[in-house]
Structures are given as C-alpha cells and as structure tokens.
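Following: one structure in structure tokens, then a few remarks.
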Amino acid sequence: MRDMLKEMAKQWKETGSVSGRVFWPGGGVEFGPNRCKPGSSSQQQGKPSTSQLPIDVADAPEGFYTLYADMPGLSKADLSIKLSKERVLTISGERKAPLADAPLQQQERVLGAFERRWELPEDAEGEGISAKVADGVLTITVPKKQPQPEPVDEQQDIFIA
C-alpha cells in the first residue's frame, strides 16, 4: 500500500494527475482523471471476470448454519443457488448496469457476474436448505444433521453380589 501511495504521489508531482489500478480479491479499481472503474485484471484485458461474493457464516446452537451475503439492488430473479453432489453450495448471480440517461462521470459500484462456493460441513444436512432475500441481504439456512441416538445394547449386565 505504501509503495502504491508513493507511486501515486510521484505521478501527481510529475504529471499533475494520477492513474493506475488497485486490486483486491475478487475485484479492483482503475483510477485516474474523472474515472474510477471497478473491475479486475481479467476485465482490463477484455476477458470476462467473476467476482467472489463475501459471506458471513453463523453456527447457530439451534441446529442450523446461516449464511449472509449483501445483495443490494438484487432480487431473487437475479440469483441462483445450487447444491452439487459433492455437497458444495454455489451462490451466483449478476449485477447489471442500470440504464442511465447520460454517460456516467464516475462509476464505483461493482457490476457483472459473481459467484461463491461453500462446502457444507460434515454435520450439515443436504436436504431442507432454504433461502430468502430481504432488505438487500441474502439469508441461506442450512439445517444440521440430527445426532443419532447411540444404539442400546440388547444385553443388560446383572450385578453379582
């Protein structure tokens, strides 16, 4: 980060403007005069990119896992949730550019496809998974397997006095 700031200061001093790219996992920002364009290195090279969706996972003592992901501006029609045979939950979707009456002077919101995979823990049930989108938050509930009762021994020990 320090090197990036030094490079920006150097560019500003020499040219009176700054341009370049800053990247983070799943995306990045191209900055310069009158622009701030989110993307990733593959987008900059003209290749399609898939951003990784950040999620929070809660392990509820009530017997389920809850996943939370921020989805502002997206509806359930914009999302897809699938569970593979390998017990991997895949959340995917796409944030499309809004129709603008005029060209954008600045664009900071990340647009395009996103995907996140989450492998179910051993104690998670593959059946009964539910999801909902409310107030810009996707909530996925994954039930835990109910503990199996220990088998009762068919024989009973008798105390000998």
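How things are named: the first chain in the structure tokens is A, the next is B, and so on; residues count from 1 in each chain; ligands count from 1 in the order shown.
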Excluding segment 69-80 of chain A and any residue of its chain fewer than 2 positions from it, enumerate the residues within 12 Å of it, using only C-alpha atoms, and give them as a ChimeraX atom specification.
/A:52-58,66-67,82-83,89-98,109-117,131-141
Can you work out the spacing between atom CA of Pro143 of chain A and atom CA of Ser130 of chain A in Å, to one decimal?
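Separating atom CA of Pro143 of chain A from atom CA of Ser130 of chain A is a distance of 8.9 Å.
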Could you check the closest approach to Pro61 of chain A for each of A:Lys144, A:Glu86, A:Glu119, A:Phe159 and tell me which residue wins, using only C-alpha atoms?
A:Lys144
Which value, in Å to one decimal, gives the distance between atom CA of Ile81 of chain A and atom CA of Val142 of chain A?
12.4 Å
Which distance in Å separates atom CA of Ser84 of chain A and atom CA of Leu120 of chain A, to one decimal?
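Atom-to-atom, atom CA of Ser84 of chain A and atom CA of Leu120 of chain A are spaced 10.2 Å apart.
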